[in-house]
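Engineer: Before I ask anything, here is the structure I am working with.
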Amino acid sequence: MNLIDKTPEQLANESARVECLGMTFESDDARRAYFLGKLREKLQDTEFRKIEGFPLGSDEDILRLSDPPYYTACPNPFIAEFIAHHGKPYDPNTPYHREPFAVDVSEGKNDPIYKLHSYHTKVPYKSISHFIDHFTEPGDLVLDVFAGSGMTGVAASLAGRIPICIDLSPICGFINHNYLVPDARRALPGVESIIRTLEEKHRDGIVTLVNGKQAHIQFGVWSDIVYCPDCSHEVVFWGNGVEIQTGKMHKEFGCPHCGAAISSLTCQKVHESYFDAVLAAPAERIKRELVLINHEAIDGRREKDPDEQDVRIAGEYESRLPAGLPTPRELIRGDMYRSGYHFGMTHVHQFFDARVLCIACDVREALVGAYGNYGLFVFTSLLNRLTRMNRFIPTKNGSGVVGPFSGTLYMPPLQVEREPIAYLRDKVPTHRKCARMLATQHYIVSTQSATAVSQIPDDSIDYVFIDPPFGANLMYSELNFLNEYWLGVFTNAEPEAIQNSTQHKDLDSYRQLMTRALHEIYRVLKPGRWVTIEFHNSNNSVWQAIQTALWQAGLVIADVRVLDRRKITMLQGTHANIAKQDLVISAYRPNGGLEERFKLDAGTEAGVWDFIRTHLTQLPVFVADDGKAQVVVERQNYLLFDRMVAFHVQRGFSVPASAAEFYAGLEQRFPVRDGMYFMSDQVAEYDRKRMTVSEVLQLDLFVTDESSAIQWLKQQLTKKPQTFQDMHPQFMREIGGWAKHEKALELSDLLEQNFLRYDGKGDVPSQIHSYLSTDFREMRNLTKDDPDLQNKAKDRWYVPDPNKAGDLEKLRERTLLREFEDYRQSAQRKLKVFRLEAVRAGFRRAWQDRDYQTIIEVANKIPDAVLQEDPKLLMWYDQAVTRMGGN
């Protein structure tokens, strides 16, 4: 039964018997009082306050927000006890096996729970539910250390799992808690009376006269005023820079006074002086004008031009001091701050119109008075649409209120002044729908950094889902500051995992912070269990940073796919554009058996194949979409080699097999189908399912450097052995995106160093014979030594059999190492153009020889951007620095 359906008698009876962490309390108030006392004691502990990410705020504000042991607005000291009470100890003898969730997921956002409270980035909880259902069982512990919007907690709770939600931001912890707390006040009983009282108190400020009758204001629109660069007259942007009837924004518009062209982007805005009642001091701001009123009408909503009374009432609120407004707080002048459209904005309250601020403070006081902290949650759910950042775009069919630009603090030239009481009335049905849908039993929320979750014991978590920060995508602490102002507790940004120039955090700082967070995930995750990472950033270097952080933490990537039903189009995501779609990375912590065996077999051939066998069992066997099979890229030889190398290097061991030896070993030990390798018991399943589809979709490759060029050539020659003349025109079209630092290689060089050419003598190689026999009817019955077949096959290049490719690979490696030696001895401080494959080969050889100094010296000659964007180079370099005793 949901909370909204329960009678007061039922709720009263339940409140009389409260079980919590093995203890019984007379009431829920008694439970809260007991644990608040424990938390108050803990706050006096100086060591406790040193936990990374401890928020900025007074003890009283932290205690006021907290509802221990389930939620604390600081690091939660009850997590270990909670896990001991609700978790299942790790038992290596308990069978557990899951493949990655190899299905592209698409879920809409038109859901009451999704829309209940805004956040800068949010994965629909229904999308997350697919992963939780796949990787876990009811009662399992699901962890999210970047809990943000609260959707992981909701998904876990609705699936009968137990969520553990952690975030650095106090507003995020607060959101998570209020999505999960089993509070009868979620249904907002009596809110209609509260709304009527608020409307009566602010009657003059929320109505407008229409034909002599009062009509409730829904919102007003304010327009910036700009200067004409020629005549210096003031020009209202509304009606000039934007067409009122169509909403079309003009890049340039004519001055109504002199006709001169005014640029919408570069025009100078008019400034004015005013008295800030909150600061009790004179201040400056961009001058604006009230230009439109949207109001309720019998047949819906209508618009009117503001009259003198509308303008006068809006002006009167300028002199009022909002009751109950928190102490004024200066803005963070960080990466989101812009001196242009933020002119004169020094404090948080200036993001709100004066009338909105006065009414909103009364709304907040009434909601908190009636519903406690859940009332404060209702209030913060309104804030996103109450700031001056809300945009107004006129449309042909009427007004168009558009929310703020997501992930920014942008101040538009046409700003919406939303009436808070009317917006509260609009929000009530959503809260009540959610009250029927949400019914959590056990959960815990903590406010701290993901880089140090020491309260969580080792090997205790069943599954992890995270949607972490991605480089410079979003400046969370700056964006959350506006909401946290109303809580009184603020983000400690020191361990915030972002790229931010104001915080002096570059890409490497971000990668190091993410590596520490993923190290913690590795530590607390049970061996053999999974972590899912959602990734959305169009910057390739950030994608590389995430991959590098994963392997540095000891986690192994098993699958990458998209969240919108389109398959990933890059082999590895290393070379271009993979990150332009929302991706889902599935990675696992190797099970204890492998780790223990590896300690004995590390650096030996046995260790190599033990890892590969274990890894193959973790990969999807068969993936199909629309009646066509998809290539599982992680089953291809070069990616298996990369994962094996990373597994060795991350654990500090030499790699006992070259690429050629590894590829030959794969061929000897594992069945291969469509370029993918399988365990013996998997290949039968693949063959059976392969018969149900028409074809296997090949991956689309982007040729940007030598490595991707080789993979592209391999794909082409596997399908069709060809001559140089056949391939050259297409190759020239493919290399248009060649990286500027990458040494340009001729097609002839790539072919000679990586593939074989039939010279027309002796038996025709089986690869060519198979193709010709299939595509040319007249060739089908010819033997391999037939002159006609030999003539047709002459000069065709083909992919060598892995068992026979060793000599070719060794020749190529010698060539690469010679070039690497040239780079090492070069007097150039920075290499502008070089062969990336040569650097990779050189680093690999230097690692084998324990020549860490050479790795560091050559790495210092490579442009930083190249080093940061190549996970292989970064892997060798970071490990070399560690071995040399660097930071």
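Residues in the structure tokens are named by chain (A, B, ... in the order shown) and by number from 1 within that chain; ligands are numbered from 1 in the order shown.
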If DSSP is run on the backbone, what residues of stretch 546-785 of chain A are strand (DSSP E or B)? A reply as a PyMOL selection string would be ideal.
Structural biologist: chain A and resi 556-562+583-588+623-625+628-630+672-673+676-677+696-697+722+742+756-757
Engineer: What would the file look like if the residues just selected were written as a short mmCIF file (atom, residue, chain, number, x, y, z; two decimals), in the first residue's frame with N, CA, C and O atoms?
Structural biologist:
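Contents of the output file again-v6.cif:
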```cif
data_model
loop_
_atom_site.label_atom_id
_atom_site.label_comp_id
_atom_site.auth_asym_id
_atom_site.auth_seq_id
_atom_site.Cartn_x
_atom_site.Cartn_y
_atom_site.Cartn_z
N VAL A 556 37.76 -3.89 -15.81
CA VAL A 556 37.96 -4.35 -17.19
C VAL A 556 36.70 -4.05 -18.00
O VAL A 556 35.60 -4.49 -17.65
N ILE A 557 36.86 -3.30 -19.10
CA ILE A 557 35.72 -2.98 -19.96
C ILE A 557 35.32 -4.23 -20.76
O ILE A 557 36.16 -4.89 -21.35
N ALA A 558 34.02 -4.50 -20.77
CA ALA A 558 33.52 -5.67 -21.51
C ALA A 558 32.57 -5.29 -22.63
O ALA A 558 32.36 -6.09 -23.54
N ASP A 559 31.99 -4.08 -22.58
CA ASP A 559 31.04 -3.72 -23.62
C ASP A 559 30.81 -2.21 -23.59
O ASP A 559 30.83 -1.59 -22.52
N VAL A 560 30.62 -1.64 -24.78
CA VAL A 560 30.26 -0.24 -24.93
C VAL A 560 29.14 -0.15 -25.95
O VAL A 560 29.25 -0.69 -27.04
N ARG A 561 28.04 0.51 -25.58
CA ARG A 561 26.96 0.69 -26.54
C ARG A 561 26.22 1.97 -26.22
O ARG A 561 26.55 2.68 -25.28
N VAL A 562 25.23 2.30 -27.05
CA VAL A 562 24.56 3.58 -26.92
C VAL A 562 23.24 3.44 -26.19
O VAL A 562 22.71 2.34 -26.03
N LEU A 583 26.79 7.05 -24.36
CA LEU A 583 27.30 5.68 -24.34
C LEU A 583 27.09 5.05 -22.97
O LEU A 583 27.02 5.74 -21.95
N VAL A 584 27.02 3.74 -22.95
CA VAL A 584 26.97 2.98 -21.71
C VAL A 584 28.13 2.00 -21.71
O VAL A 584 28.25 1.16 -22.61
N ILE A 585 28.99 2.13 -20.72
CA ILE A 585 30.16 1.26 -20.59
C ILE A 585 29.85 0.21 -19.53
O ILE A 585 29.45 0.55 -18.41
N SER A 586 30.03 -1.05 -19.87
CA SER A 586 29.91 -2.14 -18.90
C SER A 586 31.31 -2.64 -18.57
O SER A 586 32.05 -3.05 -19.46
N ALA A 587 31.69 -2.57 -17.30
CA ALA A 587 33.00 -3.05 -16.86
C ALA A 587 32.80 -3.92 -15.63
O ALA A 587 31.79 -3.81 -14.92
N TYR A 588 33.78 -4.78 -15.36
CA TYR A 588 33.65 -5.68 -14.23
C TYR A 588 34.94 -5.70 -13.41
O TYR A 588 36.02 -5.40 -13.91
N VAL A 623 24.73 -10.61 -30.26
CA VAL A 623 23.93 -9.39 -30.18
C VAL A 623 23.31 -9.17 -31.54
O VAL A 623 24.00 -9.16 -32.57
N ALA A 624 21.99 -9.00 -31.58
CA ALA A 624 21.29 -8.80 -32.85
C ALA A 624 20.35 -7.61 -32.73
O ALA A 624 19.88 -7.27 -31.64
N ASP A 625 20.10 -6.98 -33.87
CA ASP A 625 19.18 -5.85 -33.93
C ASP A 625 18.55 -5.83 -35.32
O ASP A 625 19.26 -5.89 -36.32
N LYS A 628 19.64 -8.55 -37.77
CA LYS A 628 21.03 -8.60 -38.19
C LYS A 628 21.93 -8.70 -36.96
O LYS A 628 21.69 -8.05 -35.95
N ALA A 629 22.95 -9.55 -37.07
CA ALA A 629 23.89 -9.70 -35.96
C ALA A 629 24.85 -8.52 -35.93
O ALA A 629 25.16 -7.93 -36.97
N GLN A 630 25.33 -8.18 -34.74
CA GLN A 630 26.30 -7.11 -34.58
C GLN A 630 27.64 -7.70 -34.14
O GLN A 630 27.68 -8.67 -33.38
N VAL A 672 36.92 -19.25 -33.77
CA VAL A 672 36.70 -17.91 -34.29
C VAL A 672 35.52 -17.92 -35.24
O VAL A 672 35.38 -18.82 -36.07
N ARG A 673 34.66 -16.92 -35.10
CA ARG A 673 33.51 -16.76 -35.98
C ARG A 673 33.38 -15.28 -36.33
O ARG A 673 33.33 -14.43 -35.43
N MET A 676 35.50 -12.91 -34.52
CA MET A 676 35.37 -12.85 -33.07
C MET A 676 35.75 -14.20 -32.46
O MET A 676 35.50 -15.24 -33.06
N TYR A 677 36.33 -14.16 -31.25
CA TYR A 677 36.82 -15.37 -30.58
C TYR A 677 35.90 -15.75 -29.43
O TYR A 677 35.38 -14.89 -28.71
N VAL A 696 25.89 -10.29 -40.69
CA VAL A 696 26.58 -9.66 -39.56
C VAL A 696 26.97 -8.25 -39.97
O VAL A 696 27.68 -8.06 -40.97
N LEU A 697 26.48 -7.27 -39.25
CA LEU A 697 26.78 -5.88 -39.58
C LEU A 697 28.24 -5.57 -39.26
O LEU A 697 28.71 -5.83 -38.15
N GLN A 722 42.14 -7.57 -52.62
CA GLN A 722 42.14 -6.60 -53.71
C GLN A 722 43.56 -6.23 -54.10
O GLN A 722 44.50 -6.39 -53.32
N GLU A 742 50.00 12.85 -36.73
CA GLU A 742 50.33 11.50 -37.16
C GLU A 742 51.11 11.52 -38.48
O GLU A 742 50.68 12.14 -39.47
N LEU A 756 49.82 -9.50 -46.88
CA LEU A 756 50.58 -10.29 -47.85
C LEU A 756 50.00 -10.10 -49.25
O LEU A 756 48.79 -9.92 -49.41
N ARG A 757 50.90 -10.18 -50.25
CA ARG A 757 50.48 -10.06 -51.65
C ARG A 757 50.80 -11.35 -52.39
O ARG A 757 51.91 -11.89 -52.26
#
```
Engineer: If we count only C-alpha atoms and set the cut-off at 7 Å, which residues sit around A:Trp551, ignoring sequence neighbours fewer than 4 positions away in its own chain? Please answer as a PyMOL selection string.
Structural biologist: chain A and resi 547+555-556+646+650
Engineer: Please report the interatomic distance between atom CA of A:Pro306 and atom CA of A:Gly220 in Å with one decimal.
Structural biologist: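 Pair atom CA of A:Pro306 / atom CA of A:Gly220 returns 8.7 Å.
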Engineer: Can you list, as a PyMOL selection string, every residue of stretch 307-522 of chain A that DSSP puts in alpha helix (DSSP H)?
Structural biologist: chain A and resi 308-316+354-383+420-437+476-487+507-522
Engineer: Near A:Gln503, within 12 Å and counting only C-alpha atoms, which residues show up once chain neighbours fewer than 4 positions away are dropped, as a ChimeraX atom specification?
Structural biologist: /A:332-336,472,475,477-478,492-499,509-510
Engineer: Which is closest to A:Gly241 among A:Leu873, A:Ile313, A:Leu836, A:Cys228, if we use only C-alpha atoms?
Structural biologist: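 When distances to A:Gly241 are compared using only C-alpha atoms, the smallest one comes from A:Cys228.
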Engineer: Do a neighbour search on A:Arg32 at 8 Å with only C-alpha atoms, toss out local chain neighbours closer than 4 positions, and write the hits as a PyMOL selection string.
Structural biologist: chain A and resi 28+36+67-69
Engineer: Convert the current residue selection to file output with all heavy atoms, as a short mmCIF file (atom, residue, chain, number, x, y, z; two decimals), in the first residue's frame.
Structural biologist:
```cif
data_model
loop_
_atom_site.label_atom_id
_atom_site.label_comp_id
_atom_site.auth_asym_id
_atom_site.auth_seq_id
_atom_site.Cartn_x
_atom_site.Cartn_y
_atom_site.Cartn_z
N ASP A 28 8.95 7.10 15.08
CA ASP A 28 9.96 7.54 14.11
C ASP A 28 10.67 8.79 14.62
O ASP A 28 11.86 8.99 14.35
CB ASP A 28 9.31 7.82 12.75
CG ASP A 28 10.34 7.83 11.64
OD1 ASP A 28 11.13 6.86 11.53
OD2 ASP A 28 10.38 8.81 10.86
N LEU A 36 20.20 11.51 15.46
CA LEU A 36 20.69 12.88 15.39
C LEU A 36 21.68 13.15 16.53
O LEU A 36 22.68 13.86 16.35
CB LEU A 36 19.53 13.87 15.46
CG LEU A 36 18.80 14.17 14.15
CD1 LEU A 36 17.59 15.07 14.41
CD2 LEU A 36 19.74 14.85 13.14
N ASP A 67 18.43 13.25 8.19
CA ASP A 67 17.43 12.32 8.73
C ASP A 67 18.13 10.99 8.96
O ASP A 67 17.89 10.00 8.27
CB ASP A 67 16.28 12.17 7.74
CG ASP A 67 15.14 11.33 8.30
OD1 ASP A 67 15.14 11.04 9.51
OD2 ASP A 67 14.26 10.94 7.50
N PRO A 68 19.05 10.94 9.94
CA PRO A 68 19.89 9.75 10.12
C PRO A 68 19.08 8.58 10.69
O PRO A 68 18.06 8.80 11.34
CB PRO A 68 20.95 10.23 11.11
CG PRO A 68 20.30 11.32 11.89
CD PRO A 68 19.36 11.99 10.92
N PRO A 69 19.52 7.34 10.42
CA PRO A 69 20.75 6.99 9.72
C PRO A 69 20.61 6.98 8.20
O PRO A 69 21.57 6.76 7.49
CB PRO A 69 21.02 5.57 10.23
CG PRO A 69 19.65 4.99 10.41
CD PRO A 69 18.82 6.13 10.94
#
```
Engineer: Name all residues at most 8 Å from stretch 244-261 of chain A (count only C-alpha atoms; drop same-chain ones fewer than 5 positions away) and give them as a ChimeraX atom specification.
Structural biologist: /A:228-231,233,235,238-239,393-396
Engineer: Output N, CA and C atoms for every residue in that selection, as a PDB file, in the first residue's frame.
Structural biologist:
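To be explicit, this is the file written out as result.pdb:
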```pdb
ATOM      1  N   CYS A 228      21.623  52.024 -29.128  1.00  0.00           N
ATOM      2  CA  CYS A 228      21.932  52.097 -30.551  1.00  0.00           C
ATOM      3  C   CYS A 228      23.356  52.620 -30.686  1.00  0.00           C
ATOM      4  N   PRO A 229      24.233  51.959 -31.433  1.00  0.00           N
ATOM      5  CA  PRO A 229      25.627  52.404 -31.535  1.00  0.00           C
ATOM      6  C   PRO A 229      25.785  53.716 -32.292  1.00  0.00           C
ATOM      7  N   ASP A 230      24.761  54.130 -33.067  1.00  0.00           N
ATOM      8  CA  ASP A 230      24.867  55.365 -33.847  1.00  0.00           C
ATOM      9  C   ASP A 230      24.275  56.566 -33.123  1.00  0.00           C
ATOM     10  N   CYS A 231      22.994  56.443 -32.744  1.00  0.00           N
ATOM     11  CA  CYS A 231      22.343  57.615 -32.139  1.00  0.00           C
ATOM     12  C   CYS A 231      22.326  57.586 -30.620  1.00  0.00           C
ATOM     13  N   HIS A 233      20.411  56.180 -28.616  1.00  0.00           N
ATOM     14  CA  HIS A 233      19.113  56.046 -27.967  1.00  0.00           C
ATOM     15  C   HIS A 233      18.983  54.652 -27.330  1.00  0.00           C
ATOM     16  N   VAL A 235      17.018  51.273 -26.788  1.00  0.00           N
ATOM     17  CA  VAL A 235      16.117  50.490 -27.634  1.00  0.00           C
ATOM     18  C   VAL A 235      15.701  49.230 -26.872  1.00  0.00           C
ATOM     19  N   TRP A 238      12.624  43.753 -27.047  1.00  0.00           N
ATOM     20  CA  TRP A 238      11.303  43.222 -27.389  1.00  0.00           C
ATOM     21  C   TRP A 238      10.692  44.043 -28.527  1.00  0.00           C
ATOM     22  N   GLY A 239      10.237  43.362 -29.564  1.00  0.00           N
ATOM     23  CA  GLY A 239       9.619  44.052 -30.678  1.00  0.00           C
ATOM     24  C   GLY A 239      10.590  44.609 -31.683  1.00  0.00           C
ATOM     25  N   ILE A 393      10.269  32.801 -25.627  1.00  0.00           N
ATOM     26  CA  ILE A 393      10.369  32.825 -27.082  1.00  0.00           C
ATOM     27  C   ILE A 393       8.952  32.885 -27.637  1.00  0.00           C
ATOM     28  N   PRO A 394       8.535  34.026 -28.184  1.00  0.00           N
ATOM     29  CA  PRO A 394       7.186  34.122 -28.741  1.00  0.00           C
ATOM     30  C   PRO A 394       7.000  33.122 -29.884  1.00  0.00           C
ATOM     31  N   THR A 395       5.792  32.610 -30.022  1.00  0.00           N
ATOM     32  CA  THR A 395       5.482  31.671 -31.097  1.00  0.00           C
ATOM     33  C   THR A 395       4.252  32.176 -31.856  1.00  0.00           C
ATOM     34  N   LYS A 396       4.031  31.591 -33.029  1.00  0.00           N
ATOM     35  CA  LYS A 396       2.889  31.994 -33.843  1.00  0.00           C
ATOM     36  C   LYS A 396       1.572  31.696 -33.150  1.00  0.00           C
TER      37      LYS A 396
END
```
